[in-house]
$ cat data-v6.tsv   # TSV, C-alpha atoms
chain	number	residue	atom	x	y	z
K	1200	MET	CA	0.00	0.00	0.00
K	1201	SER	CA	2.84	2.37	0.86
K	1202	ALA	CA	4.47	1.66	-2.51
K	1203	ASP	CA	1.23	2.61	-4.27
K	1204	LEU	CA	0.98	5.82	-2.27
K	1205	HIS	CA	4.60	6.66	-3.06
K	1206	TRP	CA	3.98	6.07	-6.78
K	1207	PHE	CA	0.87	8.25	-6.67
K	1208	LYS	CA	2.77	10.99	-4.81
K	1209	GLN	CA	5.53	10.99	-7.43
K	1210	LEU	CA	2.96	11.11	-10.25
K	1211	TRP	CA	1.16	14.02	-8.61
K	1212	GLN	CA	4.43	15.91	-8.11
K	1213	ARG	CA	5.30	15.47	-11.80
K	1214	LEU	CA	1.87	16.68	-12.86
K	1215	TRP	CA	1.93	19.61	-10.46
K	1216	ALA	CA	5.56	20.63	-11.13
K	1217	PRO	CA	4.89	22.91	-14.16
K	1218	MET	CA	2.17	24.86	-12.34
K	1219	ASP	CA	2.73	28.26	-10.77
K	1220	VAL	CA	0.72	28.09	-7.55
K	1221	TRP	CA	-0.40	31.73	-7.55
K	1222	LEU	CA	-1.53	31.71	-11.17
K	1223	PHE	CA	-3.19	28.32	-10.90
K	1224	TYR	CA	-5.36	29.08	-7.88
K	1225	ALA	CA	-6.29	32.55	-9.15
K	1226	MET	CA	-7.30	30.99	-12.46
K	1227	LEU	CA	-9.27	28.29	-10.64
K	1228	ILE	CA	-11.16	30.85	-8.53
K	1229	ILE	CA	-12.23	32.83	-11.61
K	1230	TYR	CA	-13.21	29.64	-13.45
K	1231	VAL	CA	-15.48	28.43	-10.62
K	1232	MET	CA	-17.07	31.88	-10.39
K	1233	SER	CA	-17.64	31.84	-14.16
K	1234	LEU	CA	-19.56	28.54	-14.00
K	1235	PHE	CA	-22.16	29.99	-11.63
K	1236	LEU	CA	-22.31	33.21	-13.62
K	1237	LEU	CA	-22.68	31.49	-17.00
K	1238	TYR	CA	-25.46	29.26	-15.68
K	1239	SER	CA	-27.39	32.34	-14.62
K	1240	ALA	CA	-26.64	34.39	-17.76
K	1241	ASP	CA	-27.68	31.54	-20.06
K	1242	GLY	CA	-31.15	31.27	-18.55
K	1243	GLN	CA	-30.25	28.40	-16.19
K	1244	ASP	CA	-29.40	26.15	-19.11
K	1245	PHE	CA	-26.50	23.68	-19.02
K	1246	GLY	CA	-25.65	23.90	-22.73
K	1247	GLN	CA	-22.98	26.60	-22.67
K	1248	LEU	CA	-21.88	25.45	-19.22
K	1249	GLU	CA	-21.00	22.00	-20.58
K	1250	ASN	CA	-19.25	23.50	-23.59
K	1251	LYS	CA	-17.19	25.85	-21.41
K	1252	THR	CA	-16.15	22.94	-19.21
K	1253	LEU	CA	-15.03	21.01	-22.29
K	1254	HIS	CA	-13.15	24.05	-23.62
K	1255	THR	CA	-11.46	24.52	-20.25
K	1256	VAL	CA	-10.42	20.86	-19.93
K	1257	LEU	CA	-8.89	20.87	-23.41
K	1258	SER	CA	-7.24	24.23	-22.77
K	1259	PHE	CA	-5.90	22.99	-19.44
K	1260	ALA	CA	-4.18	20.08	-21.20
K	1261	LEU	CA	-2.51	22.55	-23.55
K	1262	LEU	CA	-1.66	24.81	-20.58
K	1263	TRP	CA	0.14	21.94	-18.83
K	1264	LEU	CA	2.11	21.07	-21.96
K	1265	ILE	CA	3.20	24.67	-22.63
K	1266	ALA	CA	3.98	25.36	-18.95
K	1267	LYS	CA	6.25	22.30	-18.95
K	1268	THR	CA	8.15	23.54	-22.04
K	1269	PRO	CA	11.15	25.87	-21.47
K	1270	PRO	CA	10.71	29.40	-22.91
K	1271	GLN	CA	13.68	29.05	-25.26
K	1272	ILE	CA	12.07	26.03	-26.87
K	1273	LEU	CA	8.81	27.95	-27.19
K	1274	SER	CA	10.75	30.72	-28.95
K	1275	ASN	CA	11.44	28.29	-31.83
K	1276	PHE	CA	7.72	28.41	-32.67
K	1277	ALA	CA	7.56	32.22	-32.85
K	1278	LEU	CA	8.50	32.68	-36.51
K	1279	PRO	CA	6.44	29.73	-37.91
K	1280	LEU	CA	3.40	30.75	-35.85
K	1281	TYR	CA	3.69	34.39	-36.93
K	1282	ALA	CA	4.10	33.43	-40.61
K	1283	LEU	CA	1.14	31.05	-40.42
K	1284	GLY	CA	-1.00	33.74	-38.82
K	1285	VAL	CA	-0.15	36.33	-41.49
K	1286	VAL	CA	-0.86	33.84	-44.31
K	1287	MET	CA	-4.21	32.98	-42.74
K	1288	LEU	CA	-5.09	36.68	-42.36
K	1289	VAL	CA	-4.36	37.15	-46.07
K	1290	GLY	CA	-6.56	34.11	-46.70
K	1291	VAL	CA	-9.37	35.76	-44.73
K	1292	HIS	CA	-9.12	38.78	-47.03
K	1293	PHE	CA	-9.68	36.61	-50.13
K	1294	PHE	CA	-11.65	33.60	-48.87
K	1295	GLY	CA	-13.04	34.67	-45.49
K	1296	ILE	CA	-16.55	34.17	-44.16
K	1297	THR	CA	-18.56	37.35	-43.57
K	1298	VAL	CA	-20.80	37.57	-40.50
K	1299	ASN	CA	-22.67	40.77	-39.55
K	1300	GLY	CA	-20.68	42.83	-42.02
K	1301	SER	CA	-17.25	41.69	-40.80
K	1302	THR	CA	-15.01	39.17	-42.57
K	1303	ARG	CA	-13.00	37.61	-39.75
K	1304	TRP	CA	-13.33	33.84	-40.11
K	1305	LEU	CA	-11.66	31.26	-42.29
K	1306	ASN	CA	-13.27	27.91	-43.09
K	1307	LEU	CA	-10.69	25.10	-43.01
K	1308	GLY	CA	-13.22	22.39	-43.78
K	1309	ILE	CA	-13.07	20.64	-40.42
K	1310	ALA	CA	-13.46	23.85	-38.44
K	1311	ARG	CA	-14.01	27.58	-38.73
K	1312	ILE	CA	-11.32	29.65	-37.05
K	1313	GLN	CA	-10.54	33.33	-36.46
K	1314	PRO	CA	-6.86	33.86	-37.39
K	1315	SER	CA	-6.66	37.13	-35.48
K	1316	GLU	CA	-6.82	35.09	-32.27
K	1317	ILE	CA	-3.57	33.37	-33.26
K	1318	MET	CA	-1.88	36.74	-33.65
K	1319	LYS	CA	-2.66	37.68	-30.04
K	1320	ILE	CA	0.00	35.12	-29.10
K	1321	ALA	CA	2.14	35.13	-32.24
K	1322	VAL	CA	2.86	38.88	-32.41
K	1323	PRO	CA	4.43	39.30	-28.94
K	1324	MET	CA	6.31	35.99	-29.35
K	1325	MET	CA	7.68	37.11	-32.72
K	1326	VAL	CA	8.77	40.56	-31.55
K	1327	ALA	CA	10.38	39.09	-28.40
K	1328	TRP	CA	12.19	36.51	-30.54
K	1329	PHE	CA	13.41	39.26	-32.88
K	1330	PHE	CA	14.84	41.35	-30.02
K	1331	GLN	CA	16.53	38.27	-28.55
K	1332	ARG	CA	18.48	37.77	-31.79
K	1333	TYR	CA	19.97	41.27	-31.53
K	1334	GLU	CA	20.09	41.51	-27.74
K	1335	LEU	CA	23.76	42.55	-27.61
K	1336	ASN	CA	23.57	45.04	-30.48
K	1337	LEU	CA	20.18	46.75	-30.40
K	1338	ARG	CA	19.93	49.85	-32.58
K	1339	TRP	CA	17.12	52.25	-33.44
K	1340	TYR	CA	16.34	50.41	-36.68
K	1341	HIS	CA	15.68	47.19	-34.75
K	1342	TYR	CA	12.82	48.98	-33.00
K	1343	ALA	CA	11.59	50.20	-36.42
K	1344	ILE	CA	11.65	46.65	-37.82
K	1345	ALA	CA	9.78	45.41	-34.74
K	1346	LEU	CA	7.13	48.05	-35.37
K	1347	VAL	CA	6.75	46.81	-38.96
K	1348	LEU	CA	6.28	43.25	-37.66
K	1349	ILE	CA	3.41	44.58	-35.55
K	1350	VAL	CA	1.83	46.78	-38.21
K	1351	ILE	CA	1.55	44.02	-40.86
K	1352	PRO	CA	-1.00	41.83	-38.99
K	1353	VAL	CA	-2.68	44.86	-37.41
K	1354	GLY	CA	-3.31	46.36	-40.86
K	1355	LEU	CA	-4.77	43.09	-42.13
K	1356	ILE	CA	-7.09	42.86	-39.11
K	1357	LEU	CA	-8.22	46.47	-39.51
K	1358	LYS	CA	-9.40	45.61	-43.04
K	1359	GLN	CA	-11.82	42.96	-41.69
K	1360	PRO	CA	-12.76	45.37	-39.91
K	1361	ASP	CA	-11.99	44.61	-36.26
K	1362	LEU	CA	-10.69	47.67	-34.45
K	1363	GLY	CA	-10.87	46.14	-30.96
K	1364	THR	CA	-8.76	43.07	-31.76
K	1365	ALA	CA	-6.33	45.12	-33.87
K	1366	THR	CA	-5.81	47.55	-30.97
K	1367	LEU	CA	-5.14	44.74	-28.48
K	1368	ILE	CA	-2.68	43.02	-30.81
K	1369	MET	CA	-0.85	46.28	-31.46
K	1370	ALA	CA	-0.71	46.89	-27.71
K	1371	SER	CA	0.74	43.41	-27.07
K	1372	GLY	CA	3.52	44.06	-29.58
K	1373	LEU	CA	4.22	47.55	-28.26
K	1374	PHE	CA	4.50	46.17	-24.74
K	1375	VAL	CA	7.37	43.95	-25.95
K	1376	ILE	CA	9.11	46.99	-27.44
K	1377	PHE	CA	8.64	48.86	-24.17
K	1378	PHE	CA	10.08	46.06	-22.03
K	1379	ALA	CA	12.98	45.71	-24.49
K	1380	GLY	CA	14.19	49.12	-23.33
K	1381	LEU	CA	12.68	51.69	-25.68
K	1382	PRO	CA	13.93	55.15	-24.52
K	1383	TRP	CA	11.37	57.29	-22.69
K	1384	LYS	CA	11.94	60.24	-25.00
K	1385	VAL	CA	10.81	58.09	-27.93
K	1386	ILE	CA	7.74	56.93	-25.97
K	1387	ILE	CA	6.75	60.50	-25.06
K	1388	ALA	CA	7.32	61.71	-28.63
K	1389	SER	CA	5.19	58.83	-29.95
K	1390	ILE	CA	2.35	59.65	-27.57
K	1391	ILE	CA	2.44	63.32	-28.62
K	1392	GLY	CA	2.47	62.29	-32.29
K	1393	PHE	CA	-0.47	59.92	-31.78
K	1394	VAL	CA	-2.53	62.59	-30.04
K	1395	ALA	CA	-1.73	65.07	-32.83
K	1396	ALA	CA	-2.84	62.51	-35.44
K	1397	LEU	CA	-6.19	61.79	-33.80
K	1398	PRO	CA	-8.15	64.20	-36.08
K	1399	LEU	CA	-6.78	62.35	-39.13
K	1400	VAL	CA	-7.57	58.99	-37.56
K	1401	TRP	CA	-11.11	60.17	-36.85
K	1402	SER	CA	-11.70	61.48	-40.37
K	1403	TYR	CA	-9.93	58.88	-42.48
K	1404	GLY	CA	-8.97	55.91	-40.31
K	1405	MET	CA	-12.30	54.94	-38.75
K	1406	HIS	CA	-15.46	53.44	-40.19
K	1407	ASP	CA	-18.83	55.10	-39.61
K	1408	TYR	CA	-19.92	52.52	-37.05
K	1409	GLN	CA	-16.67	53.04	-35.10
K	1410	ARG	CA	-17.22	56.80	-34.93
K	1411	THR	CA	-20.80	56.12	-33.83
K	1412	ARG	CA	-19.51	54.01	-30.94
K	1413	VAL	CA	-17.28	56.82	-29.73
K	1414	LEU	CA	-20.08	59.40	-29.96
K	1415	THR	CA	-22.43	56.99	-28.20
K	1416	LEU	CA	-19.92	56.64	-25.38
K	1417	LEU	CA	-19.99	60.41	-24.85
K	1418	ASP	CA	-23.81	60.49	-24.69
K	1419	PRO	CA	-25.57	57.10	-24.94
K	1420	THR	CA	-28.97	58.72	-24.25
K	1421	LYS	CA	-29.07	60.22	-27.77
K	1422	ASP	CA	-30.02	56.81	-29.19
K	1423	ARG	CA	-31.48	54.78	-26.34
K	1424	LEU	CA	-32.91	52.01	-28.52
K	1425	GLY	CA	-30.10	51.97	-31.07
K	1426	ALA	CA	-26.38	52.55	-30.64
K	1427	GLY	CA	-26.72	53.46	-26.95
K	1428	TYR	CA	-28.81	50.44	-25.98
K	1429	HIS	CA	-25.90	48.15	-25.01
K	1430	ILE	CA	-24.20	50.69	-22.76
K	1431	LEU	CA	-27.39	51.90	-21.07
K	1432	GLN	CA	-28.63	48.39	-20.26
K	1433	SER	CA	-25.28	47.23	-18.91
K	1434	MET	CA	-24.89	50.38	-16.78
K	1435	THR	CA	-28.43	49.91	-15.46
K	1436	ALA	CA	-27.67	46.31	-14.53
K	1437	ILE	CA	-24.45	47.19	-12.71
K	1438	GLY	CA	-26.06	50.12	-10.91
K	1439	SER	CA	-29.09	48.11	-9.82
K	1440	GLY	CA	-26.80	45.57	-8.15
K	1441	GLY	CA	-25.89	48.09	-5.47
K	1442	ILE	CA	-23.31	47.11	-2.87
K	1443	TRP	CA	-24.30	43.50	-2.21
K	1444	GLY	CA	-26.06	42.62	-5.45
K	1445	LYS	CA	-29.42	40.96	-6.06
K	1446	GLY	CA	-28.07	37.49	-5.44
K	1447	TRP	CA	-27.25	34.59	-7.70
K	1448	LEU	CA	-30.06	33.99	-10.26
K	1449	GLY	CA	-31.75	37.17	-8.99
K	1450	GLY	CA	-30.79	39.64	-11.71
K	1451	SER	CA	-33.89	41.12	-13.35
K	1452	GLN	CA	-32.01	42.81	-16.20
K	1453	THR	CA	-30.33	39.49	-16.95
K	1454	HIS	CA	-33.35	37.19	-16.83
K	1455	LEU	CA	-35.64	39.56	-18.69
K	1456	ASP	CA	-33.07	39.55	-21.54
K	1457	TYR	CA	-32.34	43.27	-21.40
K	1458	ILE	CA	-28.57	42.68	-21.39
K	1459	PRO	CA	-27.26	41.87	-24.90
K	1460	GLU	CA	-24.54	39.23	-25.32
K	1461	SER	CA	-24.96	38.38	-21.65
K	1462	THR	CA	-22.76	35.26	-21.80
K	1463	THR	CA	-19.89	36.80	-23.77
K	1464	ASP	CA	-18.94	40.47	-24.06
K	1465	PHE	CA	-21.39	41.81	-21.43
K	1466	ILE	CA	-21.14	39.06	-18.82
K	1467	PHE	CA	-19.57	41.55	-16.39
K	1468	ALA	CA	-22.90	43.38	-16.29
K	1469	VAL	CA	-24.54	40.14	-15.17
K	1470	PHE	CA	-21.90	39.74	-12.50
K	1471	GLY	CA	-22.33	43.32	-11.28
K	1472	GLU	CA	-26.10	42.98	-11.02
K	1473	GLU	CA	-26.10	39.70	-9.11
K	1474	PHE	CA	-23.03	40.15	-6.88
K	1475	GLY	CA	-22.87	43.94	-6.57
K	1476	LEU	CA	-19.93	46.15	-5.72
K	1477	ILE	CA	-18.48	43.62	-3.27
K	1478	GLY	CA	-18.42	40.93	-5.95
K	1479	ASN	CA	-16.81	43.32	-8.42
K	1480	ILE	CA	-14.10	44.21	-5.92
K	1481	LEU	CA	-13.36	40.52	-5.29
K	1482	LEU	CA	-13.15	39.80	-9.03
K	1483	VAL	CA	-10.85	42.77	-9.59
K	1484	ALA	CA	-8.71	41.61	-6.65
K	1485	VAL	CA	-8.18	38.19	-8.24
K	1486	TYR	CA	-7.28	39.79	-11.58
K	1487	THR	CA	-4.87	42.08	-9.70
K	1488	LEU	CA	-3.27	39.00	-8.14
K	1489	ILE	CA	-2.71	37.52	-11.61
K	1490	LEU	CA	-1.28	40.79	-12.92
K	1491	GLY	CA	0.96	41.22	-9.87
K	1492	ARG	CA	2.27	37.67	-10.22
K	1493	GLY	CA	2.86	38.21	-13.93
K	1494	LEU	CA	4.90	41.36	-13.26
K	1495	TYR	CA	6.86	39.50	-10.57
K	1496	ILE	CA	7.70	36.79	-13.10
K	1497	THR	CA	8.70	39.50	-15.58
K	1498	LEU	CA	11.00	41.15	-13.06
K	1499	HIS	CA	12.82	37.88	-12.28
K	1500	ALA	CA	12.97	36.48	-15.83
K	1501	ARG	CA	16.40	35.18	-16.86
K	1502	SER	CA	16.62	36.37	-20.48
K	1503	LEU	CA	15.54	39.27	-22.66
K	1504	TYR	CA	13.11	36.99	-24.50
K	1505	SER	CA	11.51	35.77	-21.28
K	1506	ARG	CA	11.34	39.26	-19.75
K	1507	THR	CA	9.80	40.98	-22.76
K	1508	LEU	CA	7.35	38.15	-23.45
K	1509	ALA	CA	6.23	37.82	-19.82
K	1510	GLY	CA	5.72	41.57	-19.57
K	1511	ALA	CA	3.71	41.64	-22.80
K	1512	MET	CA	1.55	38.66	-21.76
K	1513	THR	CA	0.85	40.23	-18.38
K	1514	MET	CA	-0.11	43.60	-19.81
K	1515	THR	CA	-2.23	41.93	-22.50
K	1516	LEU	CA	-4.25	40.24	-19.74
K	1517	PHE	CA	-4.62	43.62	-18.09
K	1518	CYS	CA	-5.88	45.15	-21.35
K	1519	TYR	CA	-8.43	42.37	-21.82
K	1520	ALA	CA	-9.88	42.82	-18.34
K	1521	PHE	CA	-9.71	46.64	-18.34
K	1522	VAL	CA	-11.24	47.09	-21.80
K	1523	ASN	CA	-14.09	44.66	-21.12
K	1524	MET	CA	-14.96	46.16	-17.73
K	1525	GLY	CA	-14.53	49.65	-19.13
K	1526	MET	CA	-16.89	49.18	-22.07
K	1527	VAL	CA	-19.53	47.46	-19.90
K	1528	SER	CA	-19.27	50.26	-17.33
K	1529	GLY	CA	-19.60	52.98	-19.98
K	1530	ILE	CA	-16.11	54.48	-19.76
K	1531	LEU	CA	-14.81	52.95	-23.02
K	1532	PRO	CA	-16.43	52.38	-26.44
K	1533	VAL	CA	-18.11	49.03	-27.06
K	1534	VAL	CA	-15.69	46.58	-28.69
K	1535	GLY	CA	-15.77	42.80	-28.97
K	1536	VAL	CA	-13.39	41.95	-26.12
K	1537	PRO	CA	-14.23	39.04	-23.75
K	1538	LEU	CA	-13.70	39.08	-20.00
K	1539	PRO	CA	-10.69	36.78	-19.37
K	1540	LEU	CA	-11.62	33.28	-18.14
K	1541	VAL	CA	-15.22	34.38	-17.54
K	1542	SER	CA	-16.85	35.00	-20.93
K	1543	TYR	CA	-18.12	32.06	-22.94
K	1544	GLY	CA	-16.11	31.11	-26.02
K	1545	GLY	CA	-13.70	28.32	-26.90
K	1546	THR	CA	-11.20	30.45	-28.81
K	1547	ALA	CA	-11.15	33.17	-26.14
K	1548	THR	CA	-10.63	30.58	-23.39
K	1549	LEU	CA	-7.81	28.93	-25.33
K	1550	THR	CA	-6.05	32.26	-25.93
K	1551	ILE	CA	-6.13	33.29	-22.27
K	1552	MET	CA	-4.98	29.84	-21.09
K	1553	VAL	CA	-2.03	29.95	-23.50
K	1554	ILE	CA	-1.06	33.38	-22.14
K	1555	ILE	CA	-1.12	32.04	-18.57
K	1556	ALA	CA	0.77	28.92	-19.69
K	1557	ILE	CA	3.57	31.06	-21.16
K	1558	LEU	CA	3.83	32.92	-17.85
K	1559	MET	CA	4.04	29.58	-16.03
K	1560	SER	CA	6.75	28.39	-18.40
K	1561	ILE	CA	8.84	31.50	-17.69
K	1562	SER	CA	8.18	31.11	-13.96
K	1563	ASN	CA	9.46	27.50	-14.11
K	1564	GLN	CA	12.64	28.69	-15.81
K	1565	ARG	CA	13.20	31.12	-12.96
K	1566	ARG	CA	12.82	28.36	-10.33
K	1567	GLN	CA	15.22	25.95	-12.03

$ encode --input "data-v6.tsv" --output "C-alpha cells"
Amino acid sequence: MSADLHWFKQLWQRLWAPMDVWLFYAMLIIYVMSLFLLYSADGQDFGQLENKTLHTVLSFALLWLIAKTPPQILSNFALPLYALGVVMLVGVHFFGITVNGSTRWLNLGIARIQPSEIMKIAVPMMVAWFFQRYELNLRWYHYAIALVLIVIPVGLILKQPDLGTATLIMASGLFVIFFAGLPWKVIIASIIGFVAALPLVWSYGMHDYQRTRVLTLLDPTKDRLGAGYHILQSMTAIGSGGIWGKGWLGGSQTHLDYIPESTTDFIFAVFGEEFGLIGNILLVAVYTLILGRGLYITLHARSLYSRTLAGAMTMTLFCYAFVNMGMVSGILPVVGVPLPLVSYGGTATLTIMVIIAILMSISNQRRQ
C-alpha cells in the first residue's frame, strides 16, 4: 500500500511541477465563479456550461504542456506561428466568411477559425524573438523593424474590420518593445504624435460605425434604442446591483433579456447585477493578483526573451480585463473583447490559457 501511495505521490508531483501556484489558484477561482455566472446568464441552461467545461479541460491540457516547455524552446515556434498567422489573415481577405458585415473567419473544412486570435499570441512571441536575436547590439532600426512586424498583422485585421482586436494586438507588440528598453523620449514623442494625429484617424482611419460608438460613449442617451442600448442596459444592470447585489439567479435585467450578449462580451454586467460592488471588488482583486504575479515573473525572468514576453503577456491580460470592464461600465467604447476566463467562447478561453501557460513556463525557468 505504501508503494502505491509513493507512486501516486511521485505522479502528482510530476503533474503539479509545471504549475505556478499563484496563477493556478487565481485561475481556478475565476473559473469556478464563471460557471455559476454562466449558468445564470444563459437562462439556467446547461448547454454553454457544458461546452465551457469542455473548452477549459482541453485548454488545461494545452496549458500543462506549454507550462512544462522551457521558454527558449517555445521561442522556436515564434517565426512559424507568426508566418502562419499572417498567411491565414491574407486568406481571410480573399476567402473569409462574412458575418454581420465583418469578414474575420476562415473555413478550413473541419473547423471555422478566427486567425486574429492566433496573432494575439504570435505577435508578442515574434517581436520578443526578434529582439533576442539582436540583444547585444540593439539599434534604433531594430525597433523600427519590430514596429513593422506589428503593423503588418494589425493592418490586415483592420481591413476585416476589427478595431478592438487590432488595438489589443498592437498593444501586445508595443509592450514587448517597451520592455525591451525603448527610450522614454521616444515613448513620449510617440504619444504626442499619436494625439496630434487623432483628427486624421477620426476622419480617415475609422469606419462610420466606429465613430458612432465613440459618440455613443460620450452620450448614450441620444439613441437609447439603437447605438446606446448596449451601454445603457449594462450600466443599469451594474447600478441596480448596489453594494451586495441581487443574489445569484436574482438579476432582473439578466433574466428579462435586457442585457445583450450576456454570456460573452457583457457578462460583467450580469456579475455586477447579481453580486454587486463587493463581488466586483473581489473579481478585480483576483485579476490584480494575476497581474501582480505576472509582473513579478517579468521582473525575475532570466533572459531578454523571457522578460519581454512575460511583460507583454501580463499587460495583455490587463488590457483584456480593463477594456471589457470599461466598455460594460460605460467608460470605453463598445468593442468585442471578452472578459478573461469568464466570458463564454472556446477560442477566447484557449487564448487566455495559452497566455497564462507562457507565464508559467517563464516562472518555471526562474525556479530551475

$ residues_around --input "data-v6.tsv" --residues "region 1465-1475 of chain K" --least-positions-apart "6" --cutoff "7 Å" --atoms "all atoms listed in the file" --output "ChimeraX atom specification"
/K:1236,1240,1433,1436-1437,1439-1447,1449-1450,1453,1459,1524,1527,1542

$ residues_around --input "data-v6.tsv" --residues "region 1549-1563 of chain K" --least-positions-apart "2" --cutoff "8 Å" --atoms "all atoms listed in the file" --output "mmCIF file with C-alpha atoms, in the coordinates of the input"
data_model
loop_
_atom_site.group_PDB
_atom_site.id
_atom_site.type_symbol
_atom_site.label_atom_id
_atom_site.label_comp_id
_atom_site.auth_asym_id
_atom_site.auth_seq_id
_atom_site.Cartn_x
_atom_site.Cartn_y
_atom_site.Cartn_z
ATOM 1 C CA PRO K 1217 4.890 22.910 -14.160
ATOM 2 C CA MET K 1218 2.170 24.860 -12.340
ATOM 3 C CA ASP K 1219 2.730 28.260 -10.770
ATOM 4 C CA LEU K 1222 -1.530 31.710 -11.170
ATOM 5 C CA HIS K 1254 -13.150 24.050 -23.620
ATOM 6 C CA THR K 1255 -11.460 24.520 -20.250
ATOM 7 C CA SER K 1258 -7.240 24.230 -22.770
ATOM 8 C CA PHE K 1259 -5.900 22.990 -19.440
ATOM 9 C CA LEU K 1261 -2.510 22.550 -23.550
ATOM 10 C CA LEU K 1262 -1.660 24.810 -20.580
ATOM 11 C CA TRP K 1263 0.140 21.940 -18.830
ATOM 12 C CA ILE K 1265 3.200 24.670 -22.630
ATOM 13 C CA ALA K 1266 3.980 25.360 -18.950
ATOM 14 C CA LYS K 1267 6.250 22.300 -18.950
ATOM 15 C CA THR K 1268 8.150 23.540 -22.040
ATOM 16 C CA PRO K 1269 11.150 25.870 -21.470
ATOM 17 C CA PRO K 1270 10.710 29.400 -22.910
ATOM 18 C CA GLU K 1316 -6.820 35.090 -32.270
ATOM 19 C CA ILE K 1317 -3.570 33.370 -33.260
ATOM 20 C CA LYS K 1319 -2.660 37.680 -30.040
ATOM 21 C CA ILE K 1320 0.000 35.120 -29.100
ATOM 22 C CA GLY K 1493 2.860 38.210 -13.930
ATOM 23 C CA ILE K 1496 7.700 36.790 -13.100
ATOM 24 C CA ALA K 1500 12.970 36.480 -15.830
ATOM 25 C CA SER K 1505 11.510 35.770 -21.280
ATOM 26 C CA ALA K 1509 6.230 37.820 -19.820
ATOM 27 C CA MET K 1512 1.550 38.660 -21.760
ATOM 28 C CA THR K 1513 0.850 40.230 -18.380
ATOM 29 C CA LEU K 1516 -4.250 40.240 -19.740
ATOM 30 C CA PRO K 1539 -10.690 36.780 -19.370
ATOM 31 C CA LEU K 1540 -11.620 33.280 -18.140
ATOM 32 C CA GLY K 1545 -13.700 28.320 -26.900
ATOM 33 C CA THR K 1546 -11.200 30.450 -28.810
ATOM 34 C CA ALA K 1547 -11.150 33.170 -26.140
ATOM 35 C CA ARG K 1565 13.200 31.120 -12.960
ATOM 36 C CA ARG K 1566 12.820 28.360 -10.330
ATOM 37 C CA GLN K 1567 15.220 25.950 -12.030
#

$ closest_residue --input "data-v6.tsv" --among "K:Thr1364, K:Asn1275, K:Gln1564, K:Thr1411" --to "Pro1537 (chain K)" --atoms "only C-alpha atoms"
K:Thr1364

$ residues_around --input "data-v6.tsv" --residues "region 1397-1406 of chain K" --least-positions-apart "6" --cutoff "12 Å" --atoms "all atoms listed in the file" --output "list in words"
Gly1300, Ser1301, Gly1354, Leu1357, Lys1358, Gln1359, Pro1360, Asp1361, Leu1362, Gly1363, Ile1390, Ile1391, Arg1412, Val1413 and Leu1414 of chain K

$ write_last_selection --input "data-v6.tsv" --atoms "C-alpha atoms" --output "compact mmCIF listing (two decimals), in the coordinates of the input"
# COMPACT_ATOMS: atom_id res chain seq x y z
CA GLY K 1300 -20.68 42.83 -42.02
CA SER K 1301 -17.25 41.69 -40.80
CA GLY K 1354 -3.31 46.36 -40.86
CA LEU K 1357 -8.22 46.47 -39.51
CA LYS K 1358 -9.40 45.61 -43.04
CA GLN K 1359 -11.82 42.96 -41.69
CA PRO K 1360 -12.76 45.37 -39.91
CA ASP K 1361 -11.99 44.61 -36.26
CA LEU K 1362 -10.69 47.67 -34.45
CA GLY K 1363 -10.87 46.14 -30.96
CA ILE K 1390 2.35 59.65 -27.57
CA ILE K 1391 2.44 63.32 -28.62
CA ARG K 1412 -19.51 54.01 -30.94
CA VAL K 1413 -17.28 56.82 -29.73
CA LEU K 1414 -20.08 59.40 -29.96

$ atom_distance --input "data-v6.tsv" --atom1 "CA of Phe1294 (chain K)" --atom2 "CA of Val1536 (chain K)"
24.3 Å

$ atom_distance --input "data-v6.tsv" --atom1 "CA of Arg1492 (chain K)" --atom2 "CA of Met1514 (chain K)"
11.5 Å

$ closest_residue --input "data-v6.tsv" --among "K:Ile1312, K:Leu1494, K:Ala1395, K:Val1483" --to "Ala1520 (chain K)" --atoms "all atoms listed in the file"
K:Val1483

$ residues_near_point --input "data-v6.tsv" --point "(9.2, 31.8, -33.3)" --cutoff "12 Å" --atoms "only C-alpha atoms" --output "compact mmCIF listing (two decimals) with C-alpha atoms, in the coordinates of the input"
# COMPACT_ATOMS: atom_id res chain seq x y z
CA PRO K 1270 10.71 29.40 -22.91
CA GLN K 1271 13.68 29.05 -25.26
CA ILE K 1272 12.07 26.03 -26.87
CA LEU K 1273 8.81 27.95 -27.19
CA SER K 1274 10.75 30.72 -28.95
CA ASN K 1275 11.44 28.29 -31.83
CA PHE K 1276 7.72 28.41 -32.67
CA ALA K 1277 7.56 32.22 -32.85
CA LEU K 1278 8.50 32.68 -36.51
CA PRO K 1279 6.44 29.73 -37.91
CA LEU K 1280 3.40 30.75 -35.85
CA TYR K 1281 3.69 34.39 -36.93
CA ALA K 1282 4.10 33.43 -40.61
CA LEU K 1283 1.14 31.05 -40.42
CA GLY K 1284 -1.00 33.74 -38.82
CA ILE K 1320 0.00 35.12 -29.10
CA ALA K 1321 2.14 35.13 -32.24
CA VAL K 1322 2.86 38.88 -32.41
CA PRO K 1323 4.43 39.30 -28.94
CA MET K 1324 6.31 35.99 -29.35
CA MET K 1325 7.68 37.11 -32.72
CA VAL K 1326 8.77 40.56 -31.55
CA ALA K 1327 10.38 39.09 -28.40
CA TRP K 1328 12.19 36.51 -30.54
CA PHE K 1329 13.41 39.26 -32.88
CA PHE K 1330 14.84 41.35 -30.02
CA GLN K 1331 16.53 38.27 -28.55
CA ARG K 1332 18.48 37.77 -31.79
CA TYR K 1504 13.11 36.99 -24.50
CA LEU K 1508 7.35 38.15 -23.45

$ atom_distance --input "data-v6.tsv" --atom1 "CA of Lys1384 (chain K)" --atom2 "CA of Phe1517 (chain K)"
24.5 Å

$ residues_around --input "data-v6.tsv" --residues "Ile1376 (chain K)" --least-positions-apart "4" --cutoff "10 Å" --atoms "all atoms listed in the file" --output "JSON, numbers by chain"
{"K": [1323, 1326, 1327, 1330, 1341, 1342, 1343, 1345, 1346, 1370, 1371, 1372, 1380, 1381, 1382, 1507, 1508, 1511]}

$ closest_residue --input "data-v6.tsv" --among "K:Thr1415, K:Gly1246, K:Ala1260, K:Met1318" --to "Gly1529 (chain K)" --atoms "only C-alpha atoms"
K:Thr1415

$ closest_residue --input "data-v6.tsv" --among "K:Leu1488, K:Ile1368, K:Ile1458, K:Ile1477" --to "His1429 (chain K)" --atoms "only C-alpha atoms"
K:Ile1458

$ closest_residue --input "data-v6.tsv" --among "K:Val1375, K:Leu1448, K:Ile1344, K:Leu1367" --to "Val1534 (chain K)" --atoms "only C-alpha atoms"
K:Leu1367
